[in-house]
>>> print(open('protein-v3.cif').read())   # mmCIF, C-alpha atoms
data_entry
#
loop_
_atom_site.label_atom_id
_atom_site.label_comp_id
_atom_site.auth_asym_id
_atom_site.auth_seq_id
_atom_site.Cartn_x
_atom_site.Cartn_y
_atom_site.Cartn_z
CA MET A 20 110.97 -89.53 -116.61
CA ILE A 21 107.99 -87.35 -115.76
CA LYS A 22 108.07 -83.59 -116.17
CA TYR A 23 105.44 -81.29 -114.65
CA ILE A 24 105.00 -78.34 -117.02
CA TYR A 25 102.49 -75.49 -117.07
CA ALA A 26 101.27 -74.63 -120.57
CA ASP A 27 103.07 -71.30 -120.69
CA ALA A 28 106.37 -73.06 -120.02
CA LEU A 29 105.95 -75.67 -122.78
CA ASP A 30 107.88 -73.60 -125.29
CA ALA A 31 111.06 -74.43 -123.40
CA PHE A 32 110.48 -78.07 -124.47
CA PRO A 33 109.56 -77.84 -128.17
CA LYS A 34 110.04 -81.52 -128.98
CA LEU A 35 108.02 -82.65 -125.98
CA ARG A 36 105.32 -80.06 -126.72
CA ASP A 37 104.93 -80.83 -130.41
CA SER A 38 104.98 -84.60 -130.00
CA MET A 39 102.42 -84.41 -127.19
CA PHE A 40 99.89 -82.41 -129.20
CA ARG A 41 100.46 -84.68 -132.25
CA ASP A 42 100.09 -87.83 -130.15
CA ARG A 43 96.88 -86.42 -128.76
CA ALA A 44 95.63 -85.86 -132.32
CA TYR A 45 96.46 -89.47 -133.18
CA GLN A 46 94.87 -90.93 -130.06
CA PHE A 47 91.72 -88.85 -129.79
CA LYS A 48 90.94 -88.00 -133.41
CA GLU A 49 92.29 -90.88 -135.47
CA ARG A 50 92.08 -93.82 -133.12
CA LEU A 51 89.16 -93.01 -130.82
CA LYS A 52 87.30 -90.83 -133.37
CA TRP A 53 86.41 -88.21 -130.77
CA ASP A 54 84.97 -84.94 -132.00
CA VAL A 55 88.15 -82.95 -131.34
CA THR A 56 89.84 -80.21 -133.34
CA VAL A 57 93.15 -80.85 -135.04
CA CYS A 58 94.74 -77.82 -136.68
CA GLU A 59 96.96 -77.67 -139.76
CA ASP A 60 100.17 -78.35 -137.87
CA GLY A 61 98.62 -81.60 -136.62
CA PHE A 62 98.11 -80.47 -133.03
CA GLU A 63 95.02 -81.43 -131.09
CA THR A 64 94.16 -78.61 -128.69
CA ASP A 65 91.00 -77.21 -127.15
CA GLU A 66 89.99 -74.20 -125.07
CA TYR A 67 91.24 -75.82 -121.86
CA ASP A 68 94.79 -75.86 -123.20
CA ASN A 69 94.47 -72.07 -123.25
CA MET A 70 93.74 -71.88 -119.51
CA ASN A 71 97.35 -72.58 -118.59
CA PRO A 72 96.77 -76.15 -117.38
CA LEU A 73 99.47 -78.18 -115.68
CA TYR A 74 100.62 -81.10 -117.84
CA MET A 75 102.29 -84.16 -116.42
CA ILE A 76 104.34 -85.57 -119.27
CA TYR A 77 106.41 -88.72 -119.61
CA GLU A 78 109.54 -87.82 -121.54
CA MET A 79 111.04 -90.59 -123.68
CA PRO A 80 114.81 -91.04 -123.79
CA ASP A 81 114.88 -89.13 -127.11
CA GLY A 82 113.09 -86.13 -125.58
CA SER A 83 109.71 -86.86 -127.17
CA HIS A 84 106.32 -87.43 -125.57
CA GLY A 85 105.57 -90.89 -124.15
CA GLY A 86 102.33 -90.14 -122.34
CA SER A 87 100.63 -87.34 -120.50
CA MET A 88 97.63 -85.86 -118.83
CA ARG A 89 96.29 -82.36 -118.31
CA ASN A 90 95.16 -80.85 -115.02
CA LEU A 91 93.04 -77.85 -114.03
CA PRO A 92 91.58 -76.79 -110.67
CA THR A 93 87.86 -77.46 -110.36
CA THR A 94 87.29 -74.07 -108.74
CA GLY A 95 87.81 -72.55 -112.20
CA ASP A 96 86.37 -73.59 -115.56
CA THR A 97 86.57 -77.31 -116.30
CA MET A 98 85.49 -79.64 -119.04
CA ILE A 99 83.42 -81.83 -116.76
CA ASN A 100 81.46 -78.88 -115.37
CA ASP A 101 81.02 -77.25 -118.77
CA HIS A 102 80.14 -80.33 -120.81
CA PHE A 103 79.60 -83.49 -118.79
CA SER A 104 77.41 -82.64 -115.83
CA ASN A 105 74.88 -85.08 -117.31
CA LEU A 106 77.24 -87.78 -115.99
CA THR A 107 77.26 -86.43 -112.46
CA GLY A 108 73.57 -85.83 -111.93
CA GLY A 109 74.06 -82.13 -112.69
CA VAL A 110 76.64 -81.69 -109.93
CA LYS A 111 79.36 -79.16 -110.70
CA PHE A 112 82.60 -79.92 -108.94
CA SER A 113 84.23 -77.00 -107.26
CA SER A 114 86.76 -77.78 -104.56
CA PRO A 115 90.29 -76.59 -103.89
CA LEU A 116 91.10 -80.23 -103.13
CA ILE A 117 89.84 -81.68 -106.41
CA TRP A 118 91.54 -81.18 -109.77
CA GLU A 119 90.20 -82.20 -113.12
CA THR A 120 92.31 -84.56 -115.19
CA THR A 121 91.71 -84.77 -118.93
CA ARG A 122 93.40 -85.92 -122.15
CA PHE A 123 95.08 -88.97 -120.63
CA CYS A 124 97.16 -90.01 -123.60
CA LEU A 125 99.77 -92.60 -124.54
CA SER A 126 102.11 -92.22 -127.47
CA PRO A 127 101.81 -94.74 -130.33
CA ARG A 128 105.61 -94.95 -130.04
CA ALA A 129 105.39 -96.16 -126.44
CA GLY A 130 105.59 -99.81 -127.54
CA LYS A 131 106.70 -102.11 -124.76
CA LEU A 132 106.95 -99.13 -122.42
CA ALA A 133 103.21 -98.40 -122.64
CA SER A 134 102.18 -99.86 -119.31
CA ARG A 135 105.12 -98.31 -117.49
CA ILE A 136 104.32 -94.92 -119.01
CA GLY A 137 100.64 -95.17 -118.10
CA ALA A 138 101.59 -95.99 -114.53
CA ALA A 139 104.17 -93.19 -114.39
CA VAL A 140 101.65 -90.58 -115.54
CA CYS A 141 99.12 -91.73 -112.94
CA LEU A 142 101.82 -91.72 -110.27
CA ALA A 143 102.69 -88.15 -111.21
CA GLY A 144 99.09 -87.23 -110.39
CA CYS A 145 99.19 -89.08 -107.07
CA GLU A 146 102.47 -87.42 -106.10
CA ALA A 147 101.09 -83.96 -106.88
CA GLY A 148 98.09 -84.78 -104.70
CA ILE A 149 100.29 -85.91 -101.83
CA ARG A 150 102.64 -82.92 -101.99
CA TRP A 151 99.90 -80.35 -102.50
CA ALA A 152 97.32 -81.77 -100.09
CA LEU A 153 94.76 -82.57 -102.80
CA ASP A 154 92.11 -85.23 -102.22
CA SER A 155 91.20 -86.44 -105.66
CA SER A 156 91.04 -85.90 -109.33
CA VAL A 157 87.88 -86.04 -111.36
CA GLY A 158 87.62 -86.93 -115.01
CA VAL A 159 85.64 -88.44 -117.83
CA PHE A 160 86.70 -91.79 -119.27
CA ASP A 161 85.40 -94.26 -121.80
CA ALA A 162 84.73 -97.95 -121.49
CA ARG A 163 88.09 -99.08 -122.89
CA MET A 164 89.87 -97.31 -120.01
CA VAL A 165 88.14 -99.36 -117.31
CA HIS A 166 90.44 -102.34 -117.61
CA ILE A 167 93.47 -100.09 -118.08
CA TYR A 168 92.89 -98.38 -114.74
CA LYS A 169 92.20 -101.73 -113.14
CA ARG A 170 95.47 -103.14 -114.43
CA LEU A 171 97.33 -100.05 -113.22
CA GLY A 172 95.91 -100.59 -109.73
CA TRP A 173 94.05 -97.26 -109.68
CA GLU A 174 90.34 -97.77 -110.09
CA PRO A 175 88.11 -94.70 -110.05
CA GLU A 176 84.94 -94.33 -108.10
CA VAL A 177 82.34 -94.14 -110.87
CA LEU A 178 80.03 -91.17 -110.41
CA GLY A 179 77.77 -91.82 -113.35
CA THR A 180 77.68 -93.45 -116.77
CA SER A 181 75.90 -92.79 -120.01
CA GLY A 182 75.64 -95.24 -122.90
CA ALA A 183 76.40 -98.93 -122.73
CA GLY A 184 79.02 -101.45 -123.77
CA LYS A 185 82.04 -100.08 -125.56
CA ASP A 186 80.29 -96.75 -126.18
CA ALA A 187 79.81 -96.05 -122.47
CA ILE A 188 81.40 -92.96 -121.00
CA SER A 189 81.65 -92.33 -117.29
CA ALA A 190 82.70 -89.68 -114.83
CA GLY A 191 85.09 -90.93 -112.18
CA LEU A 192 86.90 -89.81 -109.08
CA TRP A 193 90.44 -91.00 -108.33
CA ALA A 194 92.04 -90.79 -104.90
CA LEU A 195 95.34 -88.94 -104.87
CA ASP A 196 96.97 -90.49 -101.84
CA GLU A 197 99.68 -92.77 -100.46
CA ALA A 198 97.49 -95.85 -100.88
CA SER A 199 97.00 -95.17 -104.59
CA LYS A 200 100.68 -94.48 -105.01
CA ALA A 201 101.62 -97.72 -103.26
CA SER A 202 99.14 -99.68 -105.34
CA ILE A 203 100.36 -98.32 -108.69
CA CYS A 204 104.01 -98.64 -107.65
CA GLY A 205 103.36 -102.25 -106.64
CA LYS A 206 101.78 -103.19 -109.96
CA SER A 207 104.23 -101.28 -112.17
CA GLY A 208 107.48 -101.90 -110.33
CA ILE A 209 108.22 -98.16 -110.32
CA ALA A 210 109.94 -97.22 -107.05
CA PRO A 211 108.22 -94.55 -104.92
CA GLU A 212 111.58 -92.76 -104.64
CA GLU A 213 111.68 -92.40 -108.42
CA VAL A 214 108.26 -90.72 -108.41
CA GLU A 215 109.40 -88.34 -105.67
CA ALA A 216 112.54 -87.48 -107.62
CA TRP A 217 110.45 -86.52 -110.70
CA PHE A 218 108.43 -84.11 -108.61
CA ASP A 219 111.49 -82.61 -106.91
CA ALA A 220 113.21 -82.07 -110.26
CA SER A 221 110.22 -80.11 -111.58
CA PHE A 222 109.78 -78.06 -108.39
CA PRO A 223 113.32 -77.67 -107.07
CA ILE A 224 114.12 -75.89 -103.82
CA ALA A 225 117.02 -73.56 -104.48
CA GLY A 226 117.94 -73.13 -100.81
CA THR A 227 116.71 -71.16 -97.81
CA LEU A 228 115.21 -67.78 -98.61
CA ASP A 229 117.78 -66.03 -96.43
CA SER A 230 120.56 -67.42 -98.61
CA MET A 231 118.95 -65.96 -101.76
CA VAL A 232 118.83 -62.34 -100.65
CA ALA A 233 120.72 -60.11 -103.09
CA MET B 2 86.61 -79.09 -82.47
CA THR B 3 89.76 -78.97 -84.57
CA LYS B 4 91.45 -75.65 -85.36
CA LEU B 5 89.94 -75.79 -88.80
CA GLU B 6 86.40 -76.37 -87.56
CA THR B 7 86.71 -73.58 -84.98
CA PHE B 8 87.91 -71.21 -87.68
CA LEU B 9 85.26 -72.13 -90.24
CA ASP B 10 82.60 -71.81 -87.58
CA ALA B 11 83.65 -68.23 -86.86
CA LEU B 12 84.05 -67.41 -90.55
CA GLU B 13 80.51 -68.56 -91.25
CA LYS B 14 79.19 -65.62 -89.19
CA SER B 15 81.24 -63.02 -91.12
CA GLN B 16 79.18 -60.36 -92.82
CA THR B 17 81.45 -57.37 -93.38
CA PRO B 18 84.97 -56.61 -94.64
CA ASP B 19 85.97 -56.02 -90.98
CA ASP B 20 84.84 -59.55 -90.17
CA ILE B 21 87.08 -60.87 -92.94
CA GLN B 22 90.02 -58.94 -91.49
CA SER B 23 89.28 -60.53 -88.10
CA SER B 24 89.14 -63.96 -89.72
CA VAL B 25 92.56 -63.48 -91.28
CA GLU B 26 93.96 -62.44 -87.89
CA ALA B 27 92.25 -65.45 -86.37
CA VAL B 28 94.06 -67.76 -88.80
CA ARG B 29 97.39 -66.24 -87.78
CA ASP B 30 96.60 -66.64 -84.07
CA ALA B 31 95.04 -70.10 -84.22
CA TYR B 32 97.92 -71.58 -86.18
CA GLY B 33 100.64 -69.64 -84.35
CA ILE B 34 102.24 -68.15 -87.46
CA SER B 35 103.63 -64.66 -88.19
CA ASN B 36 101.27 -63.50 -90.95
CA ALA B 37 98.22 -64.37 -93.00
CA VAL B 38 97.16 -62.50 -96.13
CA TYR B 39 94.08 -62.77 -98.32
CA HIS B 40 94.11 -60.74 -101.54
CA ALA B 41 91.30 -60.66 -104.08
CA VAL B 42 92.58 -59.29 -107.34
CA ASN B 43 89.33 -59.08 -109.30
CA VAL B 44 86.44 -59.86 -106.99
CA GLY B 45 84.08 -56.93 -106.66
CA PRO B 46 84.73 -53.44 -107.98
CA ARG B 47 88.23 -52.94 -106.54
CA PRO B 48 91.05 -55.21 -105.41
CA TYR B 49 90.53 -56.16 -101.78
CA ALA B 50 93.00 -57.35 -99.17
CA ALA B 51 92.81 -58.47 -95.56
CA LEU B 52 96.21 -58.97 -94.00
CA THR B 53 98.41 -58.82 -90.94
CA TYR B 54 101.47 -57.02 -92.35
CA SER B 55 102.42 -53.64 -90.90
CA PRO B 56 100.95 -50.61 -92.67
CA GLU B 57 104.52 -49.32 -93.15
CA TRP B 58 105.53 -52.41 -95.12
CA MET B 59 102.36 -52.24 -97.22
CA GLN B 60 103.07 -48.60 -98.07
CA TYR B 61 106.71 -49.36 -98.88
CA TYR B 62 105.71 -52.32 -101.07
CA HIS B 63 103.30 -50.08 -102.92
CA ASP B 64 105.75 -47.16 -103.29
CA GLN B 65 108.55 -49.41 -104.54
CA LYS B 66 106.15 -51.12 -106.99
CA TYR B 67 107.31 -54.49 -105.69
CA VAL B 68 104.32 -56.13 -107.34
CA ARG B 69 106.46 -56.08 -110.50
CA VAL B 70 109.27 -58.19 -109.06
CA ASP B 71 107.47 -60.21 -106.37
CA PRO B 72 107.67 -63.85 -107.55
CA VAL B 73 104.63 -64.72 -105.42
CA VAL B 74 102.57 -62.49 -107.69
CA SER B 75 104.01 -63.71 -111.00
CA GLY B 76 103.90 -67.32 -109.77
CA ALA B 77 100.28 -67.09 -108.69
CA MET B 78 99.19 -65.49 -111.96
CA ARG B 79 100.28 -68.49 -113.99
CA GLN B 80 100.21 -71.43 -111.58
CA PHE B 81 97.50 -72.87 -109.36
CA HIS B 82 99.25 -75.26 -106.99
CA PRO B 83 100.08 -74.20 -103.42
CA MET B 84 103.46 -72.53 -103.83
CA GLU B 85 106.25 -72.90 -101.29
CA TRP B 86 108.19 -69.65 -101.33
CA LYS B 87 111.43 -71.61 -101.51
CA GLN B 88 110.28 -73.09 -104.83
CA LEU B 89 109.55 -69.75 -106.46
CA ASP B 90 111.79 -68.18 -109.07
CA TRP B 91 114.13 -65.85 -107.19
CA SER B 92 116.65 -65.71 -110.01
CA SER B 93 116.22 -62.04 -110.95
CA LYS B 94 118.25 -59.45 -109.10
CA GLY B 95 115.15 -57.33 -108.50
CA SER B 96 113.35 -60.19 -106.79
CA ARG B 97 116.32 -60.91 -104.53
CA GLU B 98 116.63 -57.27 -103.50
CA PHE B 99 112.93 -57.25 -102.75
CA LEU B 100 113.39 -60.42 -100.69
CA GLY B 101 116.07 -58.73 -98.59
CA GLU B 102 113.82 -55.76 -97.92
CA ALA B 103 110.90 -58.04 -97.07
CA ILE B 104 112.91 -60.09 -94.61
CA SER B 105 114.30 -57.02 -92.86
CA ALA B 106 110.77 -55.59 -92.66
CA GLY B 107 109.72 -58.66 -90.68
CA VAL B 108 107.94 -60.47 -93.48
CA ALA B 109 108.85 -63.99 -92.63
CA SER B 110 111.34 -66.22 -94.44
CA GLN B 111 109.08 -69.27 -94.73
CA GLY B 112 105.84 -69.08 -96.63
CA ILE B 113 103.19 -70.75 -98.73
CA SER B 114 101.00 -68.87 -101.17
CA ILE B 115 97.85 -70.49 -102.47
CA PRO B 116 96.45 -69.19 -105.77
CA ILE B 117 92.65 -69.24 -105.82
CA ARG B 118 90.88 -69.69 -109.14
CA GLY B 119 87.20 -68.97 -109.57
CA PRO B 120 84.90 -69.21 -112.56
CA ASN B 121 85.61 -66.93 -115.55
CA GLY B 122 89.13 -66.10 -114.54
CA GLN B 123 88.34 -64.92 -111.02
CA PHE B 124 91.62 -64.72 -109.17
CA ALA B 125 92.66 -64.33 -105.53
CA LEU B 126 95.62 -65.30 -103.40
CA PHE B 127 96.08 -66.50 -99.84
CA THR B 128 99.45 -66.48 -98.10
CA ILE B 129 100.70 -67.63 -94.73
CA ASN B 130 104.23 -67.19 -93.48
CA ASP B 131 106.47 -67.59 -90.47
CA ASN B 132 110.04 -67.22 -89.23
CA CYS B 133 110.64 -70.77 -88.00
CA ASN B 134 113.48 -72.95 -89.28
CA ASP B 135 113.24 -75.25 -92.29
CA ALA B 136 112.51 -78.41 -90.32
CA SER B 137 109.68 -76.89 -88.25
CA TRP B 138 108.22 -75.32 -91.37
CA GLU B 139 108.23 -78.62 -93.20
CA THR B 140 106.37 -80.24 -90.33
CA PHE B 141 103.90 -77.38 -90.16
CA SER B 142 103.38 -77.37 -93.89
CA LYS B 143 102.76 -81.12 -94.03
CA GLU B 144 100.28 -80.98 -91.19
CA TYR B 145 98.35 -77.88 -92.16
CA LYS B 146 98.63 -77.32 -95.90
CA ARG B 147 95.24 -78.92 -96.41
CA ASP B 148 93.67 -76.68 -93.74
CA MET B 149 95.16 -73.65 -95.47
CA MET B 150 93.78 -74.66 -98.85
CA LEU B 151 90.32 -75.03 -97.38
CA ILE B 152 90.60 -71.81 -95.38
CA SER B 153 91.73 -69.87 -98.44
CA HIS B 154 88.78 -71.19 -100.38
CA PHE B 155 86.22 -70.42 -97.69
CA ILE B 156 87.51 -66.91 -97.07
CA HIS B 157 87.31 -66.34 -100.81
CA LYS B 158 83.72 -67.60 -100.98
CA LYS B 159 82.81 -65.28 -98.12
CA VAL B 160 84.44 -62.33 -99.85
CA VAL B 161 82.52 -63.09 -103.04
CA ASP B 162 79.29 -63.18 -101.01
CA ILE B 163 80.05 -59.87 -99.34
CA PHE B 164 81.38 -57.92 -102.33
CA VAL B 165 79.57 -59.29 -105.34
CA PRO B 166 75.82 -58.74 -105.41
CA GLU B 167 73.87 -61.74 -106.54
CA GLY B 168 73.17 -61.64 -110.26
CA GLU B 169 76.45 -59.87 -110.97
CA GLN B 170 78.55 -62.83 -109.97
CA ALA B 171 79.00 -63.93 -113.54
CA MET B 172 81.62 -61.73 -115.20
CA ALA B 173 82.01 -60.83 -118.82
CA LYS B 174 83.21 -64.02 -120.43
CA LEU B 175 85.73 -63.77 -123.21
CA SER B 176 85.95 -66.58 -125.71
CA PRO B 177 89.26 -68.45 -125.92
CA ARG B 178 90.03 -66.73 -129.25
CA GLU B 179 89.39 -63.30 -127.76
CA LYS B 180 91.65 -64.14 -124.84
CA ASP B 181 94.40 -65.38 -127.16
CA THR B 182 94.15 -62.20 -129.19
CA LEU B 183 94.45 -59.93 -126.16
CA LYS B 184 97.26 -62.04 -124.74
CA TYR B 185 99.33 -61.73 -127.91
CA LEU B 186 98.60 -58.01 -128.13
CA SER B 187 99.85 -57.64 -124.57
CA LEU B 188 103.04 -59.46 -125.57
CA GLY B 189 103.65 -56.81 -128.22
CA LEU B 190 102.87 -58.85 -131.34
CA ASN B 191 101.40 -56.91 -134.23
CA ARG B 192 98.17 -57.85 -135.96
CA GLY B 193 99.90 -59.59 -138.83
CA GLN B 194 101.92 -61.78 -136.47
CA ILE B 195 98.87 -62.59 -134.37
CA SER B 196 96.68 -63.57 -137.29
CA GLU B 197 99.48 -65.82 -138.50
CA LYS B 198 99.84 -67.44 -135.07
CA LEU B 199 96.09 -67.99 -134.73
CA LYS B 200 95.80 -69.03 -138.37
CA ILE B 201 93.02 -66.55 -139.05
CA SER B 202 92.73 -63.60 -141.42
CA GLU B 203 93.43 -60.08 -140.20
CA HIS B 204 89.78 -59.36 -140.76
CA THR B 205 88.69 -62.12 -138.39
CA LEU B 206 91.28 -60.92 -135.93
CA ARG B 207 89.77 -57.44 -135.98
CA VAL B 208 86.37 -58.97 -135.23
CA TYR B 209 87.81 -60.71 -132.16
CA ILE B 210 89.46 -57.53 -130.94
CA ASP B 211 86.27 -55.52 -131.41
CA SER B 212 84.08 -58.05 -129.67
CA ALA B 213 86.52 -58.30 -126.75
CA ARG B 214 86.58 -54.52 -126.49
CA HIS B 215 82.82 -54.47 -126.50
CA LYS B 216 82.51 -57.07 -123.75
CA LEU B 217 85.03 -55.23 -121.62
CA GLY B 218 83.58 -51.79 -122.23
CA ALA B 219 87.04 -50.70 -123.34
CA LEU B 220 87.74 -47.54 -125.33
CA ASN B 221 90.63 -48.91 -127.36
CA THR B 222 92.82 -51.97 -127.72
CA VAL B 223 95.30 -51.00 -125.02
CA HIS B 224 92.46 -50.30 -122.63
CA ALA B 225 90.95 -53.70 -123.47
CA VAL B 226 94.20 -55.50 -122.67
CA VAL B 227 94.63 -53.66 -119.38
CA THR B 228 91.00 -54.21 -118.41
CA ALA B 229 91.16 -57.91 -119.24
CA TYR B 230 94.23 -58.32 -117.04
CA SER B 231 92.84 -56.31 -114.16
CA LYS B 232 89.60 -58.28 -114.26
CA GLY B 233 91.62 -61.46 -114.28
CA LEU B 234 90.18 -62.54 -117.60
CA LEU B 235 93.73 -63.14 -118.77
CA SER B 236 95.64 -65.17 -116.26
CA PHE B 237 99.13 -65.19 -117.70
#
>>> encode(input="protein-v3.cif", output="structure tokens")
Amino acid sequence: MIKYIYADALDAFPKLRDSMFRDRAYQFKERLKWDVTVCEDGFETDEYDNMNPLYMIYEMPDGSHGGSMRNLPTTGDTMINDHFSNLTGGVKFSSPLIWETTRFCLSPRAGKLASRIGAAVCLAGCEAGIRWALDSSVGVFDARMVHIYKRLGWEPEVLGTSGAGKDAISAGLWALDEASKASICGKSGIAPEEVEAWFDASFPIAGTLDSMVA
Amino acid sequence: MTKLETFLDALEKSQTPDDIQSSVEAVRDAYGISNAVYHAVNVGPRPYAALTYSPEWMQYYHDQKYVRVDPVVSGAMRQFHPMEWKQLDWSSKGSREFLGEAISAGVASQGISIPIRGPNGQFALFTINDNCNDASWETFSKEYKRDMMLISHFIHKKVVDIFVPEGEQAMAKLSPREKDTLKYLSLGLNRGQISEKLKISEHTLRVYIDSARHKLGALNTVHAVVTAYSKGLLSF
């Protein structure tokens, strides 16, 4: 299942937290050879993890990380605005309706579940957009992700690309709406009701306010 | 024109704090809700608010120091999604007593609060609320949440234009390490514990604390922590 967790609440889920930051180290440092920082405990983190981002995390049956992504509002500080505006013609995104999504990651333990997990994480983003009236998410992705997003049924609008072939990196914009949700659900076989239940479990409604008065 | 366009059109002409107050009242009237509140925590020299609550309630809120138990405030400090009041954490006794007082004072029992994040930790909050039933509120919220997110953002931009002179709009920027240091200090950790957590020597830690103090113009460590929070440089 998917859990939506702000960074300052991660400590309540130590196994999920630790395996996510270790899986990120494996994916971004070891496998993709990105210039990222991995500290002694094997965690890959950067300054944006310190801005209390909202993570959408797929939790495996054993409580460990299956896949995740990290979200921040583009009205504040974002990676794309700070480091990748060369990909967007110098444009800095700042809209209450656009969030930045970074560190899209799949666990090396995902195995046969990998495509389901990828779809679930993307669906978590779509559902957040639908519930919170967001338009889109913006992010930077590399060439190997192009066919992954295509297979998931969620192709970004490419805003700009630098480099060529397998070294190309691009900035993209993904729609967070019912059409995207339907498309990813269709390709993955995940039921829309399941996606809605994930969201409701992370943001439960306790009851009417009147009933909560002490 | 849609409600949103009419509102934004009027807002565009705002030039003074009084105009902002009128805009907030205009939101309430145009959307037929009980209250609208805009609150800038760290824009300009002092906190600024434009709101439609009664002065009596504002005074009472202040006197009772409800800011300490109000889950809208604690929620907005750490989260950035539009927050339905019903989804906030009302588990503490203090917050539920506050809720009772708020409801009897005519603060409505349905609400959405939208945290607003700007560059360098800039932080404001926009709230709308009403007394309708759950079903009507759900319909309203579905239809107009997007409008409210845009309105909150545009009011905030206007407030920044009015209160922050050009050239001063960039605030002192703390590095992530400086922020971590101040955050842990505020949580009551001692220097030894912090340097262990950040995996740096106590010497390096002292350098971070000093440079943060310098950037904030703070007299001592406690002052630096308080200043960083009040300027919104630390968001949780």
>>> atom_distance(input="protein-v3.cif", atom1="atom CA of A:Asp27", atom2="atom CA of A:Phe218")
18.4 Å
>>> interface_residues(input="protein-v3.cif", of="chain A", to="chain B", cutoff="6 Å", atoms="only C-alpha atoms", output="list of chain:residue names")
A:Glu66, A:Thr94, A:Gly95, A:Asp96, A:Ala152, A:Pro223, A:Ile224, A:Leu228, A:Val232, A:Ala233
>>> write_last_selection(input="protein-v3.cif", atoms="C-alpha atoms", output="compact mmCIF listing (two decimals), in the coordinates of the input")
# COMPACT_ATOMS: atom_id res chain seq x y z
CA GLU A 66 89.99 -74.20 -125.07
CA THR A 94 87.29 -74.07 -108.74
CA GLY A 95 87.81 -72.55 -112.20
CA ASP A 96 86.37 -73.59 -115.56
CA ALA A 152 97.32 -81.77 -100.09
CA PRO A 223 113.32 -77.67 -107.07
CA ILE A 224 114.12 -75.89 -103.82
CA LEU A 228 115.21 -67.78 -98.61
CA VAL A 232 118.83 -62.34 -100.65
CA ALA A 233 120.72 -60.11 -103.09
>>> atom_distance(input="protein-v3.cif", atom1="atom CA of B:Ile113", atom2="atom CA of B:Asn130")
6.4 Å
>>> atom_distance(input="protein-v3.cif", atom1="atom CA of A:Ile203", atom2="atom CA of A:Pro175")
12.8 Å
>>> resolve_selection(input="protein-v3.cif", expression="the PyMOL selection byres ((chain A and resi 219) around 12)", output="list in words")
Met20, Ile21, Lys22, Tyr23, Ala143, Glu146, Ala147, Arg150, Glu212, Glu213, Val214, Glu215, Ala216, Trp217, Phe218, Ala220, Ser221, Phe222, Pro223, Ile224 and Ala225 of chain A; Gln88 of chain B
>>> residues_around(input="protein-v3.cif", residues="A:Pro33", least_positions_apart="5", cutoff="10 Å", atoms="only C-alpha atoms", output="list of chain:residue names")
A:Ala28, A:Ser38, A:Met39, A:Gly82, A:Ser83
>>> closest_residue(input="protein-v3.cif", among="A:Ala44, A:Ala183, A:Ala133, A:Ala198", to="A:Ile167", atoms="only C-alpha atoms")
A:Ala133
>>> resolve_selection(input="protein-v3.cif", expression="the PyMOL selection byres ((chain B and resi 27) around 12)", output="PyMOL selection string")
chain B and resi 4-5+7-12+20-26+28-38+51-53+152+156
>>> resolve_selection(input="protein-v3.cif", expression="the PyMOL selection byres ((chain A and resi 201) around 12)", output="number ranges by chain")
A: 138, 141-142, 145-146, 149, 171-173, 194-200, 202-212, 214
>>> closest_residue(input="protein-v3.cif", among="A:Glu176, A:Asp30, A:Ala190, A:Arg36", to="A:Phe112", atoms="only C-alpha atoms")
A:Ala190
>>> closest_residue(input="protein-v3.cif", among="A:Ile188, A:Gly108, A:Pro127, A:Asp81", to="A:Glu49", atoms="all atoms listed in the file")
A:Pro127
>>> closest_residue(input="protein-v3.cif", among="B:Thr3, B:Gln65, B:Asn43, B:Ser137", to="B:Phe164", atoms="all atoms listed in the file")
B:Asn43
>>> residues_near_point(input="protein-v3.cif", point="(92.7, -87.5, -113.5)", cutoff="6 Å", atoms="all atoms listed in the file", output="PyMOL selection string")
chain A and resi 119-120+156-158
>>> closest_residue(input="protein-v3.cif", among="B:Ile195, B:Leu206, B:Ala106, B:Leu183", to="B:Thr228", atoms="only C-alpha atoms")
B:Leu183
>>> axis_aligned_box(input="protein-v3.cif", around="stretch 134-153 of chain A", padding_each_side="6 Å", output="lines of an AutoDock Vina configuration file")
center_x = 99.9
center_y = -90.1
center_z = -109.7
size_x = 22.4
size_y = 31.5
size_z = 31.2
>>> residues_around(input="protein-v3.cif", residues="A:Val159", least_positions_apart="4", cutoff="9 Å", atoms="all atoms listed in the file", output="ChimeraX atom specification")
/A:98-99,103,106,120-121,188-192
>>> closest_residue(input="protein-v3.cif", among="A:Val140, A:Ala26, A:Met88, A:Ala187", to="A:Arg163", atoms="all atoms listed in the file")
A:Ala187
>>> residues_around(input="protein-v3.cif", residues="B:Leu175", least_positions_apart="6", cutoff="9 Å", atoms="all atoms listed in the file", output="ChimeraX atom specification")
/B:121,212-213,216-217,229,234
